[in-house]
Amino acid sequence: MKQILETYFGYSNFRPGQEQLIQNAINNIPTLGILPTGGGKSICYQVPGIYKGGLTLVISPLISLMKDQVDALNSSGIKARYINSALTKRETIEVETQLLKGDCQFLYVAPERFDNISFQQLLYKLDIKLVAFDEAHCISKWGHDFRPSYRNVVQKVLTLPHNFTVMALTATATIDVKEDICALLYIDHKNVIETSTKRDNLKFIVDPTYQKQKMVIYYINNHKDESGIIYASTRKQVETLSEVFSTKGIQHTIYHAGLKKEEKEQNQSAFVRDDIQVMIATNAFGMGIDKSNVRYVIHYNMPQDLESYYQEAGRAGRDGLPSECILMFSEADIKLQHFFIETAPEAVQELKKEKLNKMIQYTKTRRCLQSTIIHYFNPNEHLKNCDQCSNCLKQDENYNMTTEAQQILSCLVRIKIPTTKILLSKVLHGEHDDQIKAERLDKLSTFGLLKSYDASAIQSFIDTLIFNGYIRVHDQYLHCAEEAKQILFEGVQIKTYYKPNQYNEKVKITTM
Ligand code: ADP
């Protein structure tokens with residue numbers, strides 16, 4: 001095994017989990033490997049594939065990666081091919097001929113290929129020794145990226161007459177997903193090989209800032225020579241941010257599913273080759289991109305679940321050097337995700353809601369963020385605090401905002417017209433705009449009560465009250481909840497984890 005590792009891949013040691021996975025494959029034991037992003041999953045089927053001889057069939061939903069993987073293998077002297085929709089008919093026939101001659105060690109295919117009867121017939125004629133299910137979480141109904149066509153492939157593969165071994169690999173699997181994969185692929189629990197998904201070099205930060213734009217620009221300006229990805233939820237958001245970055249003179253590129261194929265390739269390779277340091281993208285970007293020096297991943301919007309978050313955030317620091325994963329979120333992100341869920345098929349809505357709730361809990365928790373993520377994937381793994389996430393670092397910085405909360409709630413009660421967050425914060429800030437004058441809101445006793453804070457800080461106080469259920473939002477209008485009485489009259493204290501104006505100082509310095 002080691003010899004193959006050294007000869008073909010040039011590495012002298014295995015990474016955690018690799019050796020055991022490879023050993024199992026060699027011993028024909030069906031195995032599930034859960035290794036973190038960048039943990040080196042490919043080698044886990046490549047080494048035994050070479051050792052066993054014959055053909056290793058690699059099934060992966062990521063068509064975009066196949067070419068790179070195959071090129072890399074060929075350049076190490078290993079015969080590998082792929083068949084997918086990108087090939088012409090002639091090229092496909094060429095690959096098939098090579099396969100039938102037994103002149104190919106690795107074949108990469110997408111699950112959809114199994115819908116093709118002649119492909120299935122071809123498989124019967126090949127000397128398959130190992131089948132690797134890459135991105136195996138997509139097989140599971142409980143996975144965040146369930147692909148029914150991939151699940152259907154399992155039966156088709158398992159009924160093939162060859163005497164082959166099965167290996168499933170993923171970076172993100174909750175307990176339900178693990179159980180599901182094991183049941184489907186007849187993998188014994190003791191053959192689930194899981195290295196800790198913990199990534200010591202990643203510093204997790206949750207930032208409930210209301211000033212996303214300022215914060216992100218401030219951050220990038222302070223990390224000028226570093227490579228980073230900014231994930232946004234929608235194409236429109238990507239485009240908008242791109243315009244803002246252009247006006248601020250920040251060199252960047254973008255990636256989303258709406259771009260032309262050539263544009264996507266060009267932008268991606270400019271980023272991967274370090275020609276451009278900043279990538280603004282939707283979640284369409286990044287699957288399997290092997291760029292090791294990404295120093296930060298900023299989520300401009302909260303993703304739909306922790307699996308997606310950890311997978312995307314995990315693209316930072318694949319070289320093991322310290323890197324930051326920042327999640328910015330606001331009430332609007334939660335709404336957007338609910339909207340996405342409502343447009344999803346009804347059968348998956350409940351599961352998606354459950355996962356979204358876990359994601360929201362992550363943004364609100366006071367526990368160590370690293371441990372919260374790891375606990376989500378593996379409740380049996382108990383970790384010490386990471387001592388570097390925003391929660392660990394801010395444990396002593398609880399700010400008692402009860403007075404501000406009382407002022408906000410009394411102000412909300414006094415405004416008798418439909419009140420948005422912006423209007424409420426303007427009144428508290430003491431601004432004299434037309435609406436405020438026309439509605440005589442400047443005559444309220446609560447007008448300007450929070451004038452010592454800037455507008456964003458006030459909005460972030462309001463957000464905290466919304467998150468904690470003291471204010472309810474309907475159609476963007478705010479209403480005091482029943483629970484508000486506890487703060488106004490019953491002595492309940494409310495603390496915020498963050499000083500609400502934590503970025504103000506910095507923002508002033510950069511004069512934005
Ligand atoms: P994953 O699919 O788990 O995200 P990859 O298989 O793409 O990760 O591997 C990530 C990187 O780590 C690749 O550049 C790979 O060559 C490298 N790598 C894998 N195994 C080892 C090892 N044992 N020693 C050093 N580097 C390794």
# chains A, B, ... in the order shown; residues from 1 in each chain; ligands from 1
$ residues_around --residues "region 244-251 of chain A" --least-positions-apart "4" --cutoff "7 Å" --atoms "only C-alpha atoms" --output "JSON, numbers by chain"
{"A": [240, 276, 278]}
$ select_by_dssp --residues "region 242-302 of chain A" --states "strand (DSSP E or B)" --output "list of chain:residue names"
A:Thr253, A:Ile254, A:Tyr255, A:Val278, A:Met279, A:Ile280, A:Ala281, A:Val294, A:Arg295, A:Tyr296, A:Val297, A:Ile298, A:His299
$ residues_near_ligand --ligand "ligand 1" --cutoff "7 Å" --atoms "only C-alpha atoms and all ligand atoms" --output "list in words"
Tyr11, Ser12, Asn13, Phe14, Arg15, Leu35, Pro36, Thr37, Gly38, Gly39, Gly40, Lys41, Ser42, Ile43, Ala171, Gly288 and Asp290 of chain A
$ write_last_selection --atoms "C-alpha atoms" --output "PDB file, in the first residue's frame"
ATOM      1  CA  TYR A  11       3.317  10.843  -0.559  1.00  0.00           C
ATOM      2  CA  SER A  12       5.194   9.031   2.162  1.00  0.00           C
ATOM      3  CA  ASN A  13       2.490   8.769   4.835  1.00  0.00           C
ATOM      4  CA  PHE A  14      -1.198   8.091   4.969  1.00  0.00           C
ATOM      5  CA  ARG A  15      -3.539  10.598   6.440  1.00  0.00           C
ATOM      6  CA  LEU A  35     -13.214  12.022   5.953  1.00  0.00           C
ATOM      7  CA  PRO A  36     -13.250  15.800   6.089  1.00  0.00           C
ATOM      8  CA  THR A  37     -13.100  17.877   2.936  1.00  0.00           C
ATOM      9  CA  GLY A  38      -9.531  17.820   1.714  1.00  0.00           C
ATOM     10  CA  GLY A  39      -8.876  14.742   3.863  1.00  0.00           C
ATOM     11  CA  GLY A  40      -7.826  12.767   0.805  1.00  0.00           C
ATOM     12  CA  LYS A  41     -10.779  10.562  -0.060  1.00  0.00           C
ATOM     13  CA  SER A  42      -9.741   9.880  -3.652  1.00  0.00           C
ATOM     14  CA  ILE A  43      -6.604   8.034  -2.635  1.00  0.00           C
ATOM     15  CA  ALA A 171     -17.279  14.361   4.044  1.00  0.00           C
ATOM     16  CA  GLY A 288     -14.287  19.489  -5.296  1.00  0.00           C
ATOM     17  CA  ASP A 290      -8.735  21.548  -4.943  1.00  0.00           C
TER      18      ASP A 290
END
$ residues_around --residues "Phe285 (chain A)" --least-positions-apart "5" --cutoff "10 Å" --atoms "only C-alpha atoms" --output "PyMOL selection string"
chain A and resi 229+231+254-257+264+268+279-280+312
$ select_by_dssp --residues "region 119-234 of chain A" --states "alpha helix (DSSP H)" --output "JSON, numbers by chain"
{"A": [119, 120, 121, 122, 123, 124, 148, 149, 150, 151, 152, 153, 154, 155, 156, 157, 158, 175, 176, 177, 178, 179, 180, 181, 182, 183, 184, 185, 212, 213, 214, 215, 216, 217, 218, 219, 220, 221]}
